[in-house]
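Everything below concerns the one structure shown next.
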2 protein chains.
Amino acid sequence: MKNSKLSVVILGAGNVAFHLYKSLRSLETITLQQIYNRSKDNLEVFKYVETTTLIEDIKEADLYIIAVNDDVIGNVAQKLKTKKGIVVHTSGAKPLVEVAMHTNYGVFYPLQSFSKDLELNFQEVPVCIEANSKKSLEQLNLLANALSKKVYHIDSKQRKSLHLSAVFVNNFSNYMFTVAQDLCDTNNVPFEILHPLITETALKATLQSPKNVQTGPAKRGDKETIQSHLEQLKDTKHKDVYKQLTLHILTYYGNKL
Amino acid sequence: MKNSKLSVVILGAGNVAFHLYKSLRSLETITLQQIYNRSKDNLEVFKYVETTTLIEDIKEADLYIIAVNDDVIGNVAQKLKTKKGIVVHTSGAKPLVEVAMHTNYGVFYPLQSFSKDLELNFQEVPVCIEANSKKSLEQLNLLANALSKKVYHIDSKQRKSLHLSAVFVNNFSNYMFTVAQDLCDTNNVPFEILHPLITETALKATLQSPKNVQTGPAKRGDKETIQSHLEQLKDTKHKDVYKQLTLHILTYYGNKL
């Protein structure tokens, strides 16, 4: 029954577009019609679907997924003005109204760190959806549930706070790993020794509440160890980070130095 | 051949002692003789081995593993003065000389975050060893290799830097997760939406170099998003952390605001 399939066009050729393409083309309920990108760059990885660089060649579809950089979403959405399908963007930072020039519109935000060279099981990726109408939301819901086991109805304000939280969870914790790697390099210690601790730290934060599994000298209020660590840190930037975060953790758990 | 087995006594009843006990008693090359702890508290979990709270009852053994709090290691080591076996401590922060009142001594530092209620495969725990003599090191090496696939010869200076790095990798990244959880709670968003991102962030930092997988507004030098995030952050402590880490990441990757 071809008519019951949802036809989809993806706009963009970045990491999110690539993983959406990989997952969507395996779904029987979806017809992935086309990938559009303004330049030919990156389009060669989309081997099993029609691609185009011309706005005027974009086909009619039930759903247009705009997976481009935040600052050009509005621009791309504008170019789809004549289309009748639902138009959604995939950004965590941008509100629903970014695509409000359409009759049916929404947001389809997959919250994960995507890389082209890393396999990813989309069924495990949380998908946050929002739409302008009940009908649009139903369609998005169908798609989201076909792609992932983890679908959430999240409004623009909530999504904005998730996007900000993701900076702490991903960007800032990765910077902590980077500082540790620098410390290891400086002291001729293989960084791989810390790999199992990195993995276990993440695991614990998902099995229990992170605030309940905090450990270390700042949590204990262990002045002696904190002092010894500060003396070890030669790089003033690393020392600043250590000082500030230690102070915050001390305060958070009611300790004083 | 009973004589070829290495006999071991563990001193302490905390998380490290517990996981050592669980792994050691399954090894055929080891005779786990006894667990000592100064109080009866926590000793009941050591069901399948003799326990004691009396220093004078501690048996002769080839190896004594002191797995107590850092500040009482020297004290416990002193109490083993009459013993002939190798005496080691398990601390990342303390140097080899902490147990140097013995003839044969060393350090056996398993670098992982241990909890009694979480299963752990000791074969995957990096074990950092150091000893005062070739003979002691050989014995420690035998034990370490029986327990884990990941054995490293690490001197006191290197171990100190690993212990400091572990604060960044574990304590500080867990605090980032805690801030994110607070932000989610404040905005009525289930924190579990971030779980897969936490896990993926850790995975990526172990598959590639963390400094090469950094992403986000600070890495990109994306002023607009940074400004929007700062406006969102109402808690001055969270704002301070965001500001400082963003500034450090900007500098690290040669960006300016």
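Letters for chains follow the order of the structure tokens (A, B, ...), residue numbers begin at 1 for each chain, and ligand numbers begin at 1 in the order shown.
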Fit chain B to chain A: least squares, all C-alpha atoms, paired in order; write the output as a JSON list (two decimals) with C-alpha atoms, in the first residue's frame.
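See part.json below for the written result:
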```
[["chain", "number", "residue", "atom", "x", "y", "z"],
["B", 1, "MET", "CA", 0.01, -0.02, 0.01],
["B", 2, "LYS", "CA", 2.17, 2.76, -1.32],
["B", 3, "ASN", "CA", -0.26, 5.47, -0.28],
["B", 4, "SER", "CA", 0.01, 4.67, 3.41],
["B", 5, "LYS", "CA", 3.75, 5.27, 3.41],
["B", 6, "LEU", "CA", 5.07, 8.57, 4.70],
["B", 7, "SER", "CA", 7.23, 10.24, 2.05],
["B", 8, "VAL", "CA", 10.21, 12.17, 3.37],
["B", 9, "VAL", "CA", 12.79, 14.62, 1.98],
["B", 10, "ILE", "CA", 15.91, 15.47, 4.02],
["B", 11, "LEU", "CA", 17.54, 18.88, 3.59],
["B", 12, "GLY", "CA", 21.20, 18.96, 4.58],
["B", 13, "ALA", "CA", 24.14, 16.56, 4.33],
["B", 14, "GLY", "CA", 25.77, 16.76, 7.76],
["B", 15, "ASN", "CA", 25.99, 14.22, 10.56],
["B", 16, "VAL", "CA", 22.32, 14.37, 11.58],
["B", 17, "ALA", "CA", 21.16, 14.14, 7.95],
["B", 18, "PHE", "CA", 23.46, 11.16, 7.39],
["B", 19, "HIS", "CA", 22.21, 9.17, 10.39],
["B", 20, "LEU", "CA", 18.58, 10.02, 9.59],
["B", 21, "TYR", "CA", 19.15, 8.79, 6.03],
["B", 22, "LYS", "CA", 20.70, 5.54, 7.24],
["B", 23, "SER", "CA", 17.83, 4.80, 9.60],
["B", 24, "LEU", "CA", 14.96, 6.08, 7.46],
["B", 25, "ARG", "CA", 15.86, 4.06, 4.41],
["B", 26, "SER", "CA", 15.60, 0.85, 6.44],
["B", 27, "LEU", "CA", 12.02, 1.61, 7.53],
["B", 28, "GLU", "CA", 9.20, -0.04, 5.60],
["B", 29, "THR", "CA", 6.67, 2.62, 6.56],
["B", 30, "ILE", "CA", 8.77, 5.40, 5.03],
["B", 31, "THR", "CA", 9.63, 6.36, 1.48],
["B", 32, "LEU", "CA", 12.84, 8.34, 1.61],
["B", 33, "GLN", "CA", 12.46, 10.35, -1.58],
["B", 34, "GLN", "CA", 15.38, 12.70, -1.76],
["B", 35, "ILE", "CA", 18.32, 14.42, -0.07],
["B", 36, "TYR", "CA", 18.86, 18.08, -0.85],
["B", 37, "ASN", "CA", 22.07, 19.95, -0.16],
["B", 38, "ARG", "CA", 23.06, 23.35, -1.56],
["B", 39, "SER", "CA", 26.46, 22.01, -2.63],
["B", 40, "LYS", "CA", 27.58, 18.63, -3.95],
["B", 41, "ASP", "CA", 30.01, 18.29, -1.03],
["B", 42, "ASN", "CA", 29.12, 15.40, 1.24],
["B", 43, "LEU", "CA", 26.29, 14.22, -1.01],
["B", 44, "GLU", "CA", 28.27, 11.22, -2.29],
["B", 45, "VAL", "CA", 27.73, 9.28, 0.95],
["B", 46, "PHE", "CA", 23.98, 9.16, 0.26],
["B", 47, "LYS", "CA", 24.33, 6.29, -2.17],
["B", 48, "TYR", "CA", 20.93, 4.70, -2.21],
["B", 49, "VAL", "CA", 18.64, 7.67, -2.65],
["B", 50, "GLU", "CA", 18.16, 10.50, -5.13],
["B", 51, "THR", "CA", 20.11, 13.64, -4.33],
["B", 52, "THR", "CA", 19.86, 17.19, -5.61],
["B", 53, "THR", "CA", 21.51, 20.58, -5.17],
["B", 54, "LEU", "CA", 18.62, 22.48, -6.80],
["B", 55, "ILE", "CA", 15.78, 23.89, -4.72],
["B", 56, "GLU", "CA", 13.46, 23.77, -7.75],
["B", 57, "ASP", "CA", 14.01, 20.02, -8.07],
["B", 58, "ILE", "CA", 12.79, 19.23, -4.59],
["B", 59, "LYS", "CA", 9.89, 16.79, -4.78],
["B", 60, "GLU", "CA", 6.50, 16.86, -3.14],
["B", 61, "ALA", "CA", 6.57, 14.93, 0.14],
["B", 62, "ASP", "CA", 4.58, 14.46, 3.33],
["B", 63, "LEU", "CA", 7.48, 15.62, 5.46],
["B", 64, "TYR", "CA", 10.54, 17.84, 4.98],
["B", 65, "ILE", "CA", 13.28, 17.44, 7.57],
["B", 66, "ILE", "CA", 15.63, 20.43, 7.66],
["B", 67, "ALA", "CA", 18.94, 19.22, 9.11],
["B", 68, "VAL", "CA", 21.22, 22.17, 8.36],
["B", 69, "ASN", "CA", 23.23, 24.59, 10.51],
["B", 70, "ASP", "CA", 21.11, 26.62, 12.94],
["B", 71, "ASP", "CA", 21.77, 29.94, 11.23],
["B", 72, "VAL", "CA", 20.39, 28.86, 7.83],
["B", 73, "ILE", "CA", 17.29, 26.93, 8.97],
["B", 74, "GLY", "CA", 14.99, 29.94, 8.39],
["B", 75, "ASN", "CA", 16.48, 30.47, 4.97],
["B", 76, "VAL", "CA", 16.00, 26.86, 3.85],
["B", 77, "ALA", "CA", 12.48, 26.77, 5.33],
["B", 78, "GLN", "CA", 11.63, 29.89, 3.32],
["B", 79, "LYS", "CA", 12.69, 28.13, 0.11],
["B", 80, "LEU", "CA", 10.15, 25.36, 0.79],
["B", 81, "LYS", "CA", 7.33, 27.94, 0.93],
["B", 82, "THR", "CA", 5.36, 26.37, -1.94],
["B", 83, "LYS", "CA", 5.40, 22.86, -0.45],
["B", 84, "LYS", "CA", 2.36, 21.43, 1.28],
["B", 85, "GLY", "CA", 4.06, 18.83, 3.50],
["B", 86, "ILE", "CA", 4.97, 19.29, 7.15],
["B", 87, "VAL", "CA", 8.25, 21.17, 7.55],
["B", 88, "VAL", "CA", 10.39, 20.42, 10.60],
["B", 89, "HIS", "CA", 13.85, 21.39, 11.79],
["B", 90, "THR", "CA", 16.19, 19.25, 13.91],
["B", 91, "SER", "CA", 17.80, 21.91, 16.08],
["B", 92, "GLY", "CA", 17.90, 21.88, 19.87],
["B", 93, "ALA", "CA", 18.62, 25.59, 20.09],
["B", 94, "LYS", "CA", 15.97, 26.99, 17.73],
["B", 95, "PRO", "CA", 12.30, 27.43, 18.65],
["B", 96, "LEU", "CA", 9.27, 26.04, 16.82],
["B", 97, "VAL", "CA", 8.53, 29.43, 15.24],
["B", 98, "GLU", "CA", 11.72, 29.19, 13.17],
["B", 99, "VAL", "CA", 9.65, 27.29, 10.58],
["B", 100, "ALA", "CA", 6.29, 29.00, 11.26],
["B", 101, "MET", "CA", 5.97, 30.39, 7.71],
["B", 102, "HIS", "CA", 4.47, 26.99, 6.82],
["B", 103, "THR", "CA", 0.95, 25.70, 7.44],
["B", 104, "ASN", "CA", 2.13, 22.50, 9.06],
["B", 105, "TYR", "CA", 5.39, 22.57, 10.93],
["B", 106, "GLY", "CA", 7.30, 21.17, 13.83],
["B", 107, "VAL", "CA", 10.59, 20.17, 15.41],
["B", 108, "PHE", "CA", 12.25, 16.78, 15.31],
["B", 109, "TYR", "CA", 15.28, 17.00, 17.63],
["B", 110, "PRO", "CA", 17.38, 13.86, 18.03],
["B", 111, "LEU", "CA", 19.49, 14.45, 21.16],
["B", 112, "GLN", "CA", 22.78, 12.71, 20.55],
["B", 113, "SER", "CA", 26.33, 13.47, 19.45],
["B", 114, "PHE", "CA", 26.46, 12.31, 15.84],
["B", 115, "SER", "CA", 29.59, 11.44, 13.86],
["B", 116, "LYS", "CA", 29.64, 10.00, 10.38],
["B", 117, "ASP", "CA", 32.37, 7.50, 11.24],
["B", 118, "LEU", "CA", 30.72, 6.05, 14.36],
["B", 119, "GLU", "CA", 27.92, 3.49, 14.11],
["B", 120, "LEU", "CA", 24.83, 4.52, 16.03],
["B", 121, "ASN", "CA", 21.67, 2.67, 16.94],
["B", 122, "PHE", "CA", 18.93, 5.23, 16.25],
["B", 123, "GLN", "CA", 16.46, 3.14, 18.28],
["B", 124, "GLU", "CA", 18.36, 4.33, 21.37],
["B", 125, "VAL", "CA", 18.51, 8.01, 20.40],
["B", 126, "PRO", "CA", 16.03, 10.20, 22.34],
["B", 127, "VAL", "CA", 13.88, 12.08, 19.85],
["B", 128, "CYS", "CA", 12.16, 15.26, 21.06],
["B", 129, "ILE", "CA", 9.18, 16.32, 18.97],
["B", 130, "GLU", "CA", 6.96, 19.38, 18.86],
["B", 131, "ALA", "CA", 4.40, 20.54, 16.27],
["B", 132, "ASN", "CA", 1.98, 23.36, 15.53],
["B", 133, "SER", "CA", -1.11, 21.15, 15.33],
["B", 134, "LYS", "CA", -2.46, 17.86, 16.56],
["B", 135, "LYS", "CA", -2.37, 16.45, 13.05],
["B", 136, "SER", "CA", 1.27, 17.40, 12.45],
["B", 137, "LEU", "CA", 2.21, 16.02, 15.85],
["B", 138, "GLU", "CA", 0.55, 12.70, 15.03],
["B", 139, "GLN", "CA", 2.56, 12.37, 11.84],
["B", 140, "LEU", "CA", 5.81, 13.29, 13.62],
["B", 141, "ASN", "CA", 4.96, 10.87, 16.39],
["B", 142, "LEU", "CA", 4.55, 8.04, 13.88],
["B", 143, "LEU", "CA", 7.93, 8.78, 12.32],
["B", 144, "ALA", "CA", 9.70, 9.25, 15.66],
["B", 145, "ASN", "CA", 8.32, 5.99, 17.05],
["B", 146, "ALA", "CA", 9.38, 4.10, 13.95],
["B", 147, "LEU", "CA", 12.93, 5.44, 14.34],
["B", 148, "SER", "CA", 13.41, 5.34, 18.09],
["B", 149, "LYS", "CA", 12.18, 3.69, 21.26],
["B", 150, "LYS", "CA", 12.64, 6.99, 23.09],
["B", 151, "VAL", "CA", 10.21, 9.66, 21.95],
["B", 152, "TYR", "CA", 9.45, 12.74, 24.05],
["B", 153, "HIS", "CA", 6.97, 15.58, 23.52],
["B", 154, "ILE", "CA", 9.09, 18.60, 24.40],
["B", 155, "ASP", "CA", 8.12, 22.26, 23.90],
["B", 156, "SER", "CA", 10.51, 24.98, 22.71],
["B", 157, "LYS", "CA", 11.36, 26.22, 26.22],
["B", 158, "GLN", "CA", 12.12, 22.72, 27.47],
["B", 159, "ARG", "CA", 14.17, 21.95, 24.37],
["B", 160, "LYS", "CA", 16.23, 25.09, 24.90],
["B", 161, "SER", "CA", 17.10, 23.93, 28.41],
["B", 162, "LEU", "CA", 17.97, 20.46, 27.11],
["B", 163, "HIS", "CA", 20.30, 22.00, 24.55],
["B", 164, "LEU", "CA", 22.01, 23.98, 27.31],
["B", 165, "SER", "CA", 22.21, 20.89, 29.53],
["B", 166, "ALA", "CA", 23.83, 19.02, 26.66],
["B", 167, "VAL", "CA", 26.68, 21.56, 26.70],
["B", 168, "PHE", "CA", 27.45, 20.62, 30.30],
["B", 169, "VAL", "CA", 27.00, 16.90, 29.71],
["B", 170, "ASN", "CA", 28.96, 16.69, 26.48],
["B", 171, "ASN", "CA", 31.14, 19.74, 25.77],
["B", 172, "PHE", "CA", 32.24, 20.49, 29.31],
["B", 173, "SER", "CA", 32.79, 16.91, 30.44],
["B", 174, "ASN", "CA", 34.79, 16.29, 27.27],
["B", 175, "TYR", "CA", 36.92, 19.28, 28.20],
["B", 176, "MET", "CA", 37.54, 17.64, 31.60],
["B", 177, "PHE", "CA", 38.76, 14.55, 29.72],
["B", 178, "THR", "CA", 40.98, 16.82, 27.60],
["B", 179, "VAL", "CA", 42.60, 18.40, 30.66],
["B", 180, "ALA", "CA", 43.22, 14.91, 32.08],
["B", 181, "GLN", "CA", 44.79, 13.84, 28.79],
["B", 182, "ASP", "CA", 47.10, 16.87, 28.89],
["B", 183, "LEU", "CA", 48.10, 16.04, 32.47],
["B", 184, "CYS", "CA", 48.85, 12.46, 31.47],
["B", 185, "ASP", "CA", 50.88, 13.56, 28.45],
["B", 186, "THR", "CA", 52.90, 15.98, 30.61],
["B", 187, "ASN", "CA", 53.66, 13.24, 33.13],
["B", 188, "ASN", "CA", 54.36, 10.44, 30.64],
["B", 189, "VAL", "CA", 51.38, 8.36, 31.68],
["B", 190, "PRO", "CA", 49.27, 6.56, 29.06],
["B", 191, "PHE", "CA", 45.84, 8.25, 28.98],
["B", 192, "GLU", "CA", 44.24, 4.86, 28.25],
["B", 193, "ILE", "CA", 44.65, 3.99, 31.96],
["B", 194, "LEU", "CA", 41.77, 6.42, 32.55],
["B", 195, "HIS", "CA", 39.45, 4.95, 29.89],
["B", 196, "PRO", "CA", 37.65, 2.50, 32.19],
["B", 197, "LEU", "CA", 37.09, 5.27, 34.76],
["B", 198, "ILE", "CA", 35.58, 7.51, 32.08],
["B", 199, "THR", "CA", 33.19, 4.75, 31.01],
["B", 200, "GLU", "CA", 32.24, 3.83, 34.59],
["B", 201, "THR", "CA", 31.66, 7.50, 35.52],
["B", 202, "ALA", "CA", 29.18, 7.84, 32.67],
["B", 203, "LEU", "CA", 27.50, 4.54, 33.50],
["B", 204, "LYS", "CA", 27.01, 5.48, 37.16],
["B", 205, "ALA", "CA", 25.51, 8.86, 36.25],
["B", 206, "THR", "CA", 22.85, 7.04, 34.21],
["B", 207, "LEU", "CA", 22.14, 4.26, 36.72],
["B", 208, "GLN", "CA", 21.79, 6.65, 39.62],
["B", 209, "SER", "CA", 21.35, 10.35, 40.12],
["B", 210, "PRO", "CA", 24.72, 12.10, 39.45],
["B", 211, "LYS", "CA", 24.34, 14.22, 42.59],
["B", 212, "ASN", "CA", 24.11, 11.02, 44.64],
["B", 213, "VAL", "CA", 27.26, 9.42, 43.22],
["B", 214, "GLN", "CA", 29.62, 12.40, 43.56],
["B", 215, "THR", "CA", 32.93, 11.39, 45.16],
["B", 216, "GLY", "CA", 36.39, 12.92, 45.57],
["B", 217, "PRO", "CA", 38.23, 15.42, 47.76],
["B", 218, "ALA", "CA", 35.79, 18.32, 47.18],
["B", 219, "LYS", "CA", 32.78, 16.13, 48.07],
["B", 220, "ARG", "CA", 34.57, 14.92, 51.23],
["B", 221, "GLY", "CA", 35.91, 18.38, 52.11],
["B", 222, "ASP", "CA", 39.42, 16.88, 52.12],
["B", 223, "LYS", "CA", 41.59, 20.01, 52.34],
["B", 224, "GLU", "CA", 44.92, 18.19, 52.37],
["B", 225, "THR", "CA", 44.33, 16.41, 49.04],
["B", 226, "ILE", "CA", 42.92, 19.56, 47.44],
["B", 227, "GLN", "CA", 46.02, 21.50, 48.51],
["B", 228, "SER", "CA", 48.31, 18.78, 47.18],
["B", 229, "HIS", "CA", 46.46, 18.74, 43.83],
["B", 230, "LEU", "CA", 46.69, 22.53, 43.51],
["B", 231, "GLU", "CA", 50.43, 22.37, 44.12],
["B", 232, "GLN", "CA", 50.78, 19.75, 41.41],
["B", 233, "LEU", "CA", 48.95, 21.80, 38.79],
["B", 234, "LYS", "CA", 51.51, 23.91, 36.94],
["B", 235, "ASP", "CA", 49.25, 25.22, 34.15],
["B", 236, "THR", "CA", 47.36, 28.23, 35.53],
["B", 237, "LYS", "CA", 44.32, 27.45, 33.35],
["B", 238, "HIS", "CA", 44.06, 23.92, 34.76],
["B", 239, "LYS", "CA", 44.59, 25.32, 38.25],
["B", 240, "ASP", "CA", 41.75, 27.83, 37.74],
["B", 241, "VAL", "CA", 39.36, 25.11, 36.60],
["B", 242, "TYR", "CA", 40.33, 22.89, 39.53],
["B", 243, "LYS", "CA", 39.86, 25.76, 42.01],
["B", 244, "GLN", "CA", 36.50, 26.88, 40.71],
["B", 245, "LEU", "CA", 34.93, 23.44, 40.34],
["B", 246, "THR", "CA", 36.24, 22.34, 43.73],
["B", 247, "LEU", "CA", 34.73, 25.44, 45.31],
["B", 248, "HIS", "CA", 31.38, 24.75, 43.62],
["B", 249, "ILE", "CA", 31.34, 21.10, 44.70],
["B", 250, "LEU", "CA", 32.34, 22.05, 48.26],
["B", 251, "THR", "CA", 29.45, 24.53, 48.38],
["B", 252, "TYR", "CA", 27.01, 22.11, 46.73],
["B", 253, "TYR", "CA", 27.60, 19.52, 49.44],
["B", 254, "GLY", "CA", 27.77, 22.00, 52.32],
["B", 255, "ASN", "CA", 31.54, 21.78, 52.89],
["B", 256, "LYS", "CA", 33.91, 24.62, 53.62],
["B", 257, "LEU", "CA", 37.62, 24.96, 53.04]]
```
Alpha helix (DSSP H) residues, from DSSP on the backbone, in segment 61-232 of chain A, as an NGL selection string:
:A and (73-79 or 134-147 or 156-166 or 173-186 or 195-207 or 217-220 or 223-232)
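These are the residues of segment 129-237 of chain B assigned strand (DSSP E or B) by DSSP from backbone coordinates: B:Ile129, B:Glu130, B:Ala131, B:Val151, B:Tyr152, B:His153.
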